[in-house]
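Peer 1: What follows is the file target_22.cif, containing mmCIF, C-alpha atoms, pLDDT in the B column; chains and numbers go by the auth columns:
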data_start
#
loop_
_atom_site.group_PDB
_atom_site.id
_atom_site.type_symbol
_atom_site.label_atom_id
_atom_site.label_comp_id
_atom_site.label_asym_id
_atom_site.label_seq_id
_atom_site.Cartn_x
_atom_site.Cartn_y
_atom_site.Cartn_z
_atom_site.B_iso_or_equiv
_atom_site.auth_seq_id
_atom_site.auth_asym_id
ATOM 1 C CA MET A 1 -9.487 -25.080 26.593 64.00 909 A
ATOM 2 C CA TRP A 2 -8.916 -25.142 22.846 73.00 910 A
ATOM 3 C CA ILE A 3 -8.395 -27.730 20.189 78.00 911 A
ATOM 4 C CA TYR A 4 -6.037 -26.319 17.605 79.00 912 A
ATOM 5 C CA GLU A 5 -6.278 -27.450 14.009 78.00 913 A
ATOM 6 C CA LYS A 6 -2.958 -27.030 12.266 81.00 914 A
ATOM 7 C CA LYS A 7 -4.420 -25.212 9.296 82.00 915 A
ATOM 8 C CA LEU A 8 -5.844 -21.795 8.718 82.00 916 A
ATOM 9 C CA GLN A 9 -9.600 -21.448 8.681 79.00 917 A
ATOM 10 C CA TYR A 10 -9.262 -19.768 5.279 82.00 918 A
ATOM 11 C CA PRO A 11 -6.214 -20.118 3.011 87.00 919 A
ATOM 12 C CA VAL A 12 -3.939 -17.091 2.789 89.00 920 A
ATOM 13 C CA ARG A 13 -2.657 -16.669 -0.739 90.00 921 A
ATOM 14 C CA VAL A 14 -0.008 -14.031 -1.304 91.00 922 A
ATOM 15 C CA GLY A 15 1.383 -13.778 -4.811 89.00 923 A
ATOM 16 C CA LYS A 16 4.172 -11.252 -4.317 92.00 924 A
ATOM 17 C CA CYS A 17 6.189 -9.354 -1.787 94.00 925 A
ATOM 18 C CA ASP A 18 4.348 -6.167 -0.758 95.00 926 A
ATOM 19 C CA VAL A 19 5.976 -4.550 2.251 95.00 927 A
ATOM 20 C CA ARG A 20 3.723 -1.487 2.137 94.00 928 A
ATOM 21 C CA MET A 21 0.606 -3.655 2.457 94.00 929 A
ATOM 22 C CA ALA A 22 2.266 -5.601 5.276 95.00 930 A
ATOM 23 C CA ARG A 23 2.875 -2.354 7.142 95.00 931 A
ATOM 24 C CA TYR A 24 -0.775 -1.362 6.793 95.00 932 A
ATOM 25 C CA LEU A 25 -1.909 -4.824 7.902 95.00 933 A
ATOM 26 C CA SER A 26 0.227 -4.509 11.022 96.00 934 A
ATOM 27 C CA GLU A 27 -2.451 -2.137 12.331 96.00 935 A
ATOM 28 C CA GLN A 28 -4.741 -5.161 12.514 96.00 936 A
ATOM 29 C CA TYR A 29 -1.979 -7.231 14.106 97.00 937 A
ATOM 30 C CA GLY A 30 -0.888 -5.031 16.985 97.00 938 A
ATOM 31 C CA GLY A 31 -2.998 -1.877 16.826 96.00 939 A
ATOM 32 C CA ALA A 32 -5.554 -0.625 19.315 95.00 940 A
ATOM 33 C CA ASP A 33 -8.481 -1.977 17.289 94.00 941 A
ATOM 34 C CA GLY A 34 -6.659 -4.976 15.846 95.00 942 A
ATOM 35 C CA GLU A 35 -7.188 -8.679 16.262 96.00 943 A
ATOM 36 C CA LEU A 36 -4.938 -9.152 19.309 97.00 944 A
ATOM 37 C CA ALA A 37 -6.707 -6.362 21.178 97.00 945 A
ATOM 38 C CA ALA A 38 -10.092 -7.795 20.213 96.00 946 A
ATOM 39 C CA ALA A 39 -9.196 -11.337 21.310 96.00 947 A
ATOM 40 C CA LEU A 40 -7.884 -10.154 24.654 96.00 948 A
ATOM 41 C CA ARG A 41 -10.776 -7.727 25.153 95.00 949 A
ATOM 42 C CA TYR A 42 -13.447 -10.391 24.662 93.00 950 A
ATOM 43 C CA MET A 43 -11.553 -12.968 26.714 93.00 951 A
ATOM 44 C CA ASN A 44 -11.197 -10.545 29.600 92.00 952 A
ATOM 45 C CA GLN A 45 -14.793 -9.316 29.469 92.00 953 A
ATOM 46 C CA ARG A 46 -16.185 -12.820 29.759 89.00 954 A
ATOM 47 C CA TYR A 47 -15.416 -12.739 33.479 88.00 955 A
ATOM 48 C CA THR A 48 -17.714 -9.794 34.259 87.00 956 A
ATOM 49 C CA ILE A 49 -20.546 -10.515 31.847 87.00 957 A
ATOM 50 C CA PRO A 50 -23.736 -12.314 32.953 86.00 958 A
ATOM 51 C CA ASP A 51 -23.286 -16.091 33.110 87.00 959 A
ATOM 52 C CA LYS A 52 -25.730 -16.693 30.246 86.00 960 A
ATOM 53 C CA VAL A 53 -23.372 -15.131 27.685 85.00 961 A
ATOM 54 C CA ILE A 54 -19.899 -16.089 28.942 87.00 962 A
ATOM 55 C CA GLY A 55 -19.623 -18.771 26.271 89.00 963 A
ATOM 56 C CA VAL A 56 -20.462 -16.292 23.517 91.00 964 A
ATOM 57 C CA LEU A 57 -17.592 -13.982 24.487 91.00 965 A
ATOM 58 C CA ASN A 58 -15.242 -16.946 24.765 90.00 966 A
ATOM 59 C CA ASP A 59 -16.261 -18.056 21.261 92.00 967 A
ATOM 60 C CA ILE A 60 -15.766 -14.543 19.866 93.00 968 A
ATOM 61 C CA SER A 61 -12.345 -14.304 21.504 94.00 969 A
ATOM 62 C CA THR A 62 -11.332 -17.610 19.962 92.00 970 A
ATOM 63 C CA GLU A 63 -12.461 -16.377 16.546 92.00 971 A
ATOM 64 C CA GLU A 64 -10.410 -13.195 16.992 95.00 972 A
ATOM 65 C CA PHE A 65 -7.317 -15.322 17.717 94.00 973 A
ATOM 66 C CA ALA A 66 -7.991 -17.149 14.439 92.00 974 A
ATOM 67 C CA HIS A 67 -8.116 -13.774 12.663 93.00 975 A
ATOM 68 C CA LEU A 68 -4.824 -12.842 14.328 96.00 976 A
ATOM 69 C CA GLU A 69 -3.250 -16.006 12.932 94.00 977 A
ATOM 70 C CA MET A 70 -4.427 -15.128 9.411 94.00 978 A
ATOM 71 C CA ILE A 71 -3.112 -11.558 9.675 96.00 979 A
ATOM 72 C CA ALA A 72 0.234 -12.845 10.955 96.00 980 A
ATOM 73 C CA THR A 73 0.415 -15.263 8.023 95.00 981 A
ATOM 74 C CA MET A 74 -0.336 -12.472 5.543 95.00 982 A
ATOM 75 C CA ILE A 75 2.282 -10.140 7.021 96.00 983 A
ATOM 76 C CA TYR A 76 4.873 -12.914 7.062 95.00 984 A
ATOM 77 C CA LYS A 77 4.199 -13.884 3.444 96.00 985 A
ATOM 78 C CA LEU A 78 4.206 -10.244 2.301 96.00 986 A
ATOM 79 C CA THR A 79 7.604 -9.561 3.898 95.00 987 A
ATOM 80 C CA LYS A 80 9.559 -12.836 3.976 93.00 988 A
ATOM 81 C CA ASP A 81 11.410 -12.127 0.717 94.00 989 A
ATOM 82 C CA ALA A 82 11.741 -8.370 1.219 95.00 990 A
ATOM 83 C CA SER A 83 15.153 -6.802 1.026 94.00 991 A
ATOM 84 C CA VAL A 84 16.395 -4.377 3.645 94.00 992 A
ATOM 85 C CA CYS A 85 15.974 -1.590 1.068 95.00 993 A
ATOM 86 C CA GLU A 86 12.326 -2.540 0.466 95.00 994 A
ATOM 87 C CA LEU A 87 11.657 -2.600 4.206 95.00 995 A
ATOM 88 C CA GLU A 88 13.321 0.793 4.608 94.00 996 A
ATOM 89 C CA GLU A 89 11.339 2.295 1.712 94.00 997 A
ATOM 90 C CA ALA A 90 8.087 1.121 3.327 94.00 998 A
ATOM 91 C CA GLY A 91 9.027 2.713 6.651 93.00 999 A
ATOM 92 C CA LEU A 92 9.929 -0.591 8.311 93.00 1000 A
ATOM 93 C CA GLY A 93 13.649 0.062 8.697 93.00 1001 A
ATOM 94 C CA PRO A 94 13.410 0.517 12.492 93.00 1002 A
ATOM 95 C CA HIS A 95 11.354 -2.683 12.737 93.00 1003 A
ATOM 96 C CA PHE A 96 14.014 -4.591 10.806 93.00 1004 A
ATOM 97 C CA VAL A 97 16.820 -3.236 13.008 94.00 1005 A
ATOM 98 C CA ALA A 98 15.018 -4.385 16.163 94.00 1006 A
ATOM 99 C CA HIS A 99 13.308 -7.581 14.956 94.00 1007 A
ATOM 100 C CA ASP A 100 14.769 -8.600 11.574 92.00 1008 A
ATOM 101 C CA HIS A 101 11.917 -10.295 9.637 92.00 1009 A
ATOM 102 C CA ALA A 102 10.194 -11.484 12.832 94.00 1010 A
ATOM 103 C CA LEU A 103 6.667 -10.357 13.538 95.00 1011 A
ATOM 104 C CA PHE A 104 6.215 -8.074 16.522 96.00 1012 A
ATOM 105 C CA TYR A 105 2.981 -6.651 17.881 97.00 1013 A
ATOM 106 C CA THR A 106 3.009 -3.062 16.646 96.00 1014 A
ATOM 107 C CA ASP A 107 0.552 -0.855 14.840 96.00 1015 A
ATOM 108 C CA ALA A 108 1.151 0.592 11.367 94.00 1016 A
ATOM 109 C CA SER A 109 3.156 3.441 12.888 94.00 1017 A
ATOM 110 C CA GLY A 110 5.469 1.031 14.715 94.00 1018 A
ATOM 111 C CA VAL A 111 3.995 1.703 18.173 96.00 1019 A
ATOM 112 C CA PRO A 112 4.210 -1.474 20.311 96.00 1020 A
ATOM 113 C CA PHE A 113 1.023 -3.110 21.520 97.00 1021 A
ATOM 114 C CA THR A 114 -0.023 -2.142 25.024 97.00 1022 A
ATOM 115 C CA ALA A 115 -2.669 -3.423 27.399 95.00 1023 A
ATOM 116 C CA ALA A 116 -3.809 0.201 27.691 94.00 1024 A
ATOM 117 C CA TYR A 117 -5.703 -0.421 24.426 93.00 1025 A
ATOM 118 C CA ILE A 118 -8.123 -2.613 26.358 90.00 1026 A
ATOM 119 C CA GLN A 119 -10.605 -1.006 28.700 85.00 1027 A
ATOM 120 C CA ALA A 120 -12.455 -3.022 31.296 85.00 1028 A
ATOM 121 C CA LYS A 121 -15.181 -1.038 33.013 88.00 1029 A
ATOM 122 C CA GLY A 122 -17.024 -3.916 34.660 86.00 1030 A
ATOM 123 C CA ASP A 123 -20.249 -2.672 33.114 90.00 1031 A
ATOM 124 C CA PRO A 124 -21.292 -5.149 30.408 89.00 1032 A
ATOM 125 C CA LEU A 125 -22.999 -2.476 28.311 90.00 1033 A
ATOM 126 C CA ALA A 126 -20.047 -0.083 28.453 92.00 1034 A
ATOM 127 C CA ASP A 127 -17.656 -2.895 27.575 90.00 1035 A
ATOM 128 C CA LEU A 128 -19.816 -4.116 24.693 89.00 1036 A
ATOM 129 C CA TYR A 129 -20.100 -0.576 23.297 91.00 1037 A
ATOM 130 C CA GLU A 130 -16.302 -0.418 23.263 90.00 1038 A
ATOM 131 C CA ASP A 131 -16.257 -3.748 21.420 91.00 1039 A
ATOM 132 C CA ILE A 132 -18.702 -2.427 18.825 92.00 1040 A
ATOM 133 C CA ALA A 133 -16.632 0.719 18.266 92.00 1041 A
ATOM 134 C CA ALA A 134 -13.410 -1.296 17.872 92.00 1042 A
ATOM 135 C CA GLU A 135 -15.070 -3.755 15.479 92.00 1043 A
ATOM 136 C CA GLU A 136 -16.388 -0.886 13.353 94.00 1044 A
ATOM 137 C CA LYS A 137 -12.926 0.710 13.173 92.00 1045 A
ATOM 138 C CA ALA A 138 -11.425 -2.651 12.182 91.00 1046 A
ATOM 139 C CA ARG A 139 -14.108 -3.104 9.510 92.00 1047 A
ATOM 140 C CA ALA A 140 -13.359 0.356 8.106 92.00 1048 A
ATOM 141 C CA THR A 141 -9.626 -0.425 8.052 90.00 1049 A
ATOM 142 C CA TYR A 142 -10.169 -3.707 6.220 90.00 1050 A
ATOM 143 C CA GLN A 143 -12.447 -1.978 3.705 92.00 1051 A
ATOM 144 C CA TRP A 144 -9.808 0.686 3.096 90.00 1052 A
ATOM 145 C CA LEU A 145 -7.201 -2.027 2.476 88.00 1053 A
ATOM 146 C CA ILE A 146 -9.522 -3.809 0.047 88.00 1054 A
ATOM 147 C CA ASP A 147 -10.269 -0.566 -1.809 89.00 1055 A
ATOM 148 C CA MET A 148 -6.552 0.213 -1.972 84.00 1056 A
ATOM 149 C CA THR A 149 -5.839 -3.072 -3.780 81.00 1057 A
ATOM 150 C CA ASP A 150 -8.606 -2.683 -6.378 74.00 1058 A
#
In structure tokens, how does this file's structure come out?
Peer 2:
Amino acid sequence: MWIYEKKLQYPVRVGKCDVRMARYLSEQYGGADGELAAALRYMNQRYTIPDKVIGVLNDISTEEFAHLEMIATMIYKLTKDASVCELEEAGLGPHFVAHDHALFYTDASGVPFTAAYIQAKGDPLADLYEDIAAEEKARATYQWLIDMTD
């Protein structure tokens, strides 16, 4: 059970429309190593992990959902004032045709999210190694995005 606070954990400040950045961020929204995949992965794994650490995975999953909310807010703010031409130039024309300005769980290439991104082996160590690999890929993606804006 959750208690939802109607505010972001950290404020999301976006000063201008930047559809290209929004497209890159969509990898963290609906990609294989993104926040949705992470939240669902941890939530699912809590059922086959030793009882002593169930709460830890539940807490991590909850945190990943908070990250998902921040990414969604960033993407929305980066695209809400974008023209159709700007969306098209950034490679988001097909997204606009199907979803208008609505968010939809896809990666940066426009591939829809799939549960196939989430492995569940039933072996806590195997599952945690997958988590580590996904977290490292996400960290590298975020670092690339930060470097790109500098």
Peer 1: To test your reading of the syntax: which residues would the PyMOL selection byres ((chain A and resi 922-930) around 10) return for the file shown? Reply as JSON, numbers by chain.
Peer 2: {"A": [919, 920, 921, 931, 932, 933, 934, 935, 937, 979, 980, 981, 982, 983, 984, 985, 986, 987, 988, 989, 990, 991, 994, 995, 996, 997, 998, 999, 1000, 1016, 1053, 1056, 1057]}
Peer 1: Write the residues you've just listed into a file as a PDB file, in the frame of the given file, and include C-alpha atoms for each of them.
Peer 2:
ATOM      1  CA  PRO A 919      -6.214 -20.118   3.011  1.00 87.00           C
ATOM      2  CA  VAL A 920      -3.939 -17.091   2.789  1.00 89.00           C
ATOM      3  CA  ARG A 921      -2.657 -16.669  -0.739  1.00 90.00           C
ATOM      4  CA  ARG A 931       2.875  -2.354   7.142  1.00 95.00           C
ATOM      5  CA  TYR A 932      -0.775  -1.362   6.793  1.00 95.00           C
ATOM      6  CA  LEU A 933      -1.909  -4.824   7.902  1.00 95.00           C
ATOM      7  CA  SER A 934       0.227  -4.509  11.022  1.00 96.00           C
ATOM      8  CA  GLU A 935      -2.451  -2.137  12.331  1.00 96.00           C
ATOM      9  CA  TYR A 937      -1.979  -7.231  14.106  1.00 97.00           C
ATOM     10  CA  ILE A 979      -3.112 -11.558   9.675  1.00 96.00           C
ATOM     11  CA  ALA A 980       0.234 -12.845  10.955  1.00 96.00           C
ATOM     12  CA  THR A 981       0.415 -15.263   8.023  1.00 95.00           C
ATOM     13  CA  MET A 982      -0.336 -12.472   5.543  1.00 95.00           C
ATOM     14  CA  ILE A 983       2.282 -10.140   7.021  1.00 96.00           C
ATOM     15  CA  TYR A 984       4.873 -12.914   7.062  1.00 95.00           C
ATOM     16  CA  LYS A 985       4.199 -13.884   3.444  1.00 96.00           C
ATOM     17  CA  LEU A 986       4.206 -10.244   2.301  1.00 96.00           C
ATOM     18  CA  THR A 987       7.604  -9.561   3.898  1.00 95.00           C
ATOM     19  CA  LYS A 988       9.559 -12.836   3.976  1.00 93.00           C
ATOM     20  CA  ASP A 989      11.410 -12.127   0.717  1.00 94.00           C
ATOM     21  CA  ALA A 990      11.741  -8.370   1.219  1.00 95.00           C
ATOM     22  CA  SER A 991      15.153  -6.802   1.026  1.00 94.00           C
ATOM     23  CA  GLU A 994      12.326  -2.540   0.466  1.00 95.00           C
ATOM     24  CA  LEU A 995      11.657  -2.600   4.206  1.00 95.00           C
ATOM     25  CA  GLU A 996      13.321   0.793   4.608  1.00 94.00           C
ATOM     26  CA  GLU A 997      11.339   2.295   1.712  1.00 94.00           C
ATOM     27  CA  ALA A 998       8.087   1.121   3.327  1.00 94.00           C
ATOM     28  CA  GLY A 999       9.027   2.713   6.651  1.00 93.00           C
ATOM     29  CA  LEU A1000       9.929  -0.591   8.311  1.00 93.00           C
ATOM     30  CA  ALA A1016       1.151   0.592  11.367  1.00 94.00           C
ATOM     31  CA  LEU A1053      -7.201  -2.027   2.476  1.00 88.00           C
ATOM     32  CA  MET A1056      -6.552   0.213  -1.972  1.00 84.00           C
ATOM     33  CA  THR A1057      -5.839  -3.072  -3.780  1.00 81.00           C
TER      34      THR A1057
END
Peer 1: Suppose you want the space between CA of Tyr955 in chain A and CA of Gly1030 in chain A; what is it in Å?
Peer 2: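 A separation of 9.0 Å between them.
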Peer 1: Translate the PyMOL selection byres ((chain A and resi 1014) around 10), as applied to the file shown, into an explicit residue set as a PDB file with C-alpha atoms, in the frame of the given file.
Peer 2:
ATOM      1  CA  ARG A 931       2.875  -2.354   7.142  1.00 95.00           C
ATOM      2  CA  SER A 934       0.227  -4.509  11.022  1.00 96.00           C
ATOM      3  CA  GLU A 935      -2.451  -2.137  12.331  1.00 96.00           C
ATOM      4  CA  GLN A 936      -4.741  -5.161  12.514  1.00 96.00           C
ATOM      5  CA  TYR A 937      -1.979  -7.231  14.106  1.00 97.00           C
ATOM      6  CA  GLY A 938      -0.888  -5.031  16.985  1.00 97.00           C
ATOM      7  CA  GLY A 939      -2.998  -1.877  16.826  1.00 96.00           C
ATOM      8  CA  ALA A 940      -5.554  -0.625  19.315  1.00 95.00           C
ATOM      9  CA  GLY A 942      -6.659  -4.976  15.846  1.00 95.00           C
ATOM     10  CA  HIS A1003      11.354  -2.683  12.737  1.00 93.00           C
ATOM     11  CA  LEU A1011       6.667 -10.357  13.538  1.00 95.00           C
ATOM     12  CA  PHE A1012       6.215  -8.074  16.522  1.00 96.00           C
ATOM     13  CA  TYR A1013       2.981  -6.651  17.881  1.00 97.00           C
ATOM     14  CA  ASP A1015       0.552  -0.855  14.840  1.00 96.00           C
ATOM     15  CA  ALA A1016       1.151   0.592  11.367  1.00 94.00           C
ATOM     16  CA  SER A1017       3.156   3.441  12.888  1.00 94.00           C
ATOM     17  CA  GLY A1018       5.469   1.031  14.715  1.00 94.00           C
ATOM     18  CA  VAL A1019       3.995   1.703  18.173  1.00 96.00           C
ATOM     19  CA  PRO A1020       4.210  -1.474  20.311  1.00 96.00           C
ATOM     20  CA  PHE A1021       1.023  -3.110  21.520  1.00 97.00           C
ATOM     21  CA  THR A1022      -0.023  -2.142  25.024  1.00 97.00           C
TER      22      THR A1022
END
Peer 1: Contacts of Pro1032 in chain A at 10 Å or less, counting only C-alpha atoms, minus same-chain residues fewer than 2 places along, as a PyMOL selection string?
Peer 2: chain A and resi 953-954+956-958+1028-1030+1034-1038
Peer 1: In Å to one decimal, how far is CA of Asn952 in chain A from CA of Asn966 in chain A?
Peer 2: 9.0 Å
Peer 1: What does the distance from CA of Ala1023 in chain A to CA of Glu943 in chain A come to in Å, to one decimal?
Peer 2: 13.1 Å
Peer 1: Rank nothing, just name the residue among A:Ile1040, A:Ala1048, A:Met951, A:Leu976 nearest to Val964 in chain A, using only C-alpha atoms.
Peer 2: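 Smallest distance to Val964 in chain A is found for A:Met951.
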Peer 1: Work out where the centre of an axis-aligned box around every listed atom of range 915-930 of chain A lies and how long its edges are once 5 Å is added on each side; give both in Å to one decimal as JSON.
Peer 2:
{"center_x": -1.7, "center_y": -13.3, "center_z": 2.2, "size_x": 25.8, "size_y": 33.7, "size_z": 24.1}
Peer 1: Can you translate the PyMOL selection byres ((chain A and resi 968) around 12) into the concrete residues it hits in this file, as a PyMOL selection string?
Peer 2: chain A and resi 943+946-954+961-967+969-975+1039+1043
Peer 1: For range 927-949 of chain A, supply N, CA, C and O atoms and report the output as an mmCIF file, keeping the file's coordinate frame.
Peer 2:
data_model
loop_
_atom_site.group_PDB
_atom_site.id
_atom_site.type_symbol
_atom_site.label_atom_id
_atom_site.label_comp_id
_atom_site.auth_asym_id
_atom_site.auth_seq_id
_atom_site.Cartn_x
_atom_site.Cartn_y
_atom_site.Cartn_z
ATOM 1 N N VAL A 927 5.634 -5.008 0.906
ATOM 2 C CA VAL A 927 5.976 -4.550 2.251
ATOM 3 C C VAL A 927 5.045 -3.422 2.706
ATOM 4 O O VAL A 927 4.676 -3.347 3.873
ATOM 5 N N ARG A 928 4.641 -2.582 1.783
ATOM 6 C CA ARG A 928 3.723 -1.487 2.137
ATOM 7 C C ARG A 928 2.402 -2.039 2.669
ATOM 8 O O ARG A 928 1.887 -1.590 3.690
ATOM 9 N N MET A 929 1.850 -3.033 2.001
ATOM 10 C CA MET A 929 0.606 -3.655 2.457
ATOM 11 C C MET A 929 0.819 -4.320 3.815
ATOM 12 O O MET A 929 -0.036 -4.243 4.698
ATOM 13 N N ALA A 930 1.963 -4.966 3.992
ATOM 14 C CA ALA A 930 2.266 -5.601 5.276
ATOM 15 C C ALA A 930 2.275 -4.568 6.400
ATOM 16 O O ALA A 930 1.756 -4.817 7.492
ATOM 17 N N ARG A 931 2.853 -3.408 6.120
ATOM 18 C CA ARG A 931 2.875 -2.354 7.142
ATOM 19 C C ARG A 931 1.453 -1.928 7.495
ATOM 20 O O ARG A 931 1.119 -1.758 8.665
ATOM 21 N N TYR A 932 0.612 -1.744 6.518
ATOM 22 C CA TYR A 932 -0.775 -1.362 6.793
ATOM 23 C C TYR A 932 -1.500 -2.461 7.573
ATOM 24 O O TYR A 932 -2.268 -2.186 8.498
ATOM 25 N N LEU A 933 -1.271 -3.706 7.200
ATOM 26 C CA LEU A 933 -1.909 -4.824 7.902
ATOM 27 C C LEU A 933 -1.459 -4.932 9.351
ATOM 28 O O LEU A 933 -2.186 -5.456 10.195
ATOM 29 N N SER A 934 -0.263 -4.421 9.644
ATOM 30 C CA SER A 934 0.227 -4.509 11.022
ATOM 31 C C SER A 934 -0.688 -3.754 11.989
ATOM 32 O O SER A 934 -0.707 -4.057 13.178
ATOM 33 N N GLU A 935 -1.467 -2.824 11.476
ATOM 34 C CA GLU A 935 -2.451 -2.137 12.331
ATOM 35 C C GLU A 935 -3.452 -3.145 12.887
ATOM 36 O O GLU A 935 -3.878 -3.045 14.032
ATOM 37 N N GLN A 936 -3.800 -4.131 12.075
ATOM 38 C CA GLN A 936 -4.741 -5.161 12.514
ATOM 39 C C GLN A 936 -4.047 -6.258 13.324
ATOM 40 O O GLN A 936 -4.707 -7.073 13.946
ATOM 41 N N TYR A 937 -2.746 -6.252 13.334
ATOM 42 C CA TYR A 937 -1.979 -7.231 14.106
ATOM 43 C C TYR A 937 -1.750 -6.735 15.530
ATOM 44 O O TYR A 937 -2.067 -7.421 16.483
ATOM 45 N N GLY A 938 -1.232 -5.524 15.653
ATOM 46 C CA GLY A 938 -0.888 -5.031 16.985
ATOM 47 C C GLY A 938 -1.452 -3.679 17.330
ATOM 48 O O GLY A 938 -1.031 -3.061 18.313
ATOM 49 N N GLY A 939 -2.411 -3.187 16.559
ATOM 50 C CA GLY A 939 -2.998 -1.877 16.826
ATOM 51 C C GLY A 939 -4.113 -1.923 17.855
ATOM 52 O O GLY A 939 -4.579 -2.997 18.257
ATOM 53 N N ALA A 940 -4.542 -0.757 18.260
ATOM 54 C CA ALA A 940 -5.554 -0.625 19.315
ATOM 55 C C ALA A 940 -6.868 -1.326 18.973
ATOM 56 O O ALA A 940 -7.545 -1.839 19.867
ATOM 57 N N ASP A 941 -7.234 -1.343 17.712
ATOM 58 C CA ASP A 941 -8.481 -1.977 17.289
ATOM 59 C C ASP A 941 -8.226 -3.245 16.480
ATOM 60 O O ASP A 941 -9.100 -3.715 15.766
ATOM 61 N N GLY A 942 -7.046 -3.792 16.596
ATOM 62 C CA GLY A 942 -6.659 -4.976 15.846
ATOM 63 C C GLY A 942 -7.143 -6.275 16.475
ATOM 64 O O GLY A 942 -7.855 -6.290 17.493
ATOM 65 N N GLU A 943 -6.714 -7.355 15.871
ATOM 66 C CA GLU A 943 -7.188 -8.679 16.262
ATOM 67 C C GLU A 943 -6.688 -9.117 17.641
ATOM 68 O O GLU A 943 -7.440 -9.741 18.397
ATOM 69 N N LEU A 944 -5.442 -8.787 17.984
ATOM 70 C CA LEU A 944 -4.938 -9.152 19.309
ATOM 71 C C LEU A 944 -5.728 -8.431 20.388
ATOM 72 O O LEU A 944 -6.172 -9.038 21.372
ATOM 73 N N ALA A 945 -5.933 -7.134 20.204
ATOM 74 C CA ALA A 945 -6.707 -6.362 21.178
ATOM 75 C C ALA A 945 -8.120 -6.919 21.305
ATOM 76 O O ALA A 945 -8.646 -7.051 22.417
ATOM 77 N N ALA A 946 -8.727 -7.257 20.181
ATOM 78 C CA ALA A 946 -10.092 -7.795 20.213
ATOM 79 C C ALA A 946 -10.131 -9.126 20.962
ATOM 80 O O ALA A 946 -10.996 -9.340 21.821
ATOM 81 N N ALA A 947 -9.205 -10.025 20.654
ATOM 82 C CA ALA A 947 -9.196 -11.337 21.310
ATOM 83 C C ALA A 947 -9.035 -11.192 22.813
ATOM 84 O O ALA A 947 -9.756 -11.825 23.596
ATOM 85 N N LEU A 948 -8.115 -10.346 23.216
ATOM 86 C CA LEU A 948 -7.884 -10.154 24.654
ATOM 87 C C LEU A 948 -9.049 -9.429 25.315
ATOM 88 O O LEU A 948 -9.420 -9.738 26.454
ATOM 89 N N ARG A 949 -9.641 -8.480 24.608
ATOM 90 C CA ARG A 949 -10.776 -7.727 25.153
ATOM 91 C C ARG A 949 -11.950 -8.665 25.446
ATOM 92 O O ARG A 949 -12.498 -8.679 26.548
#
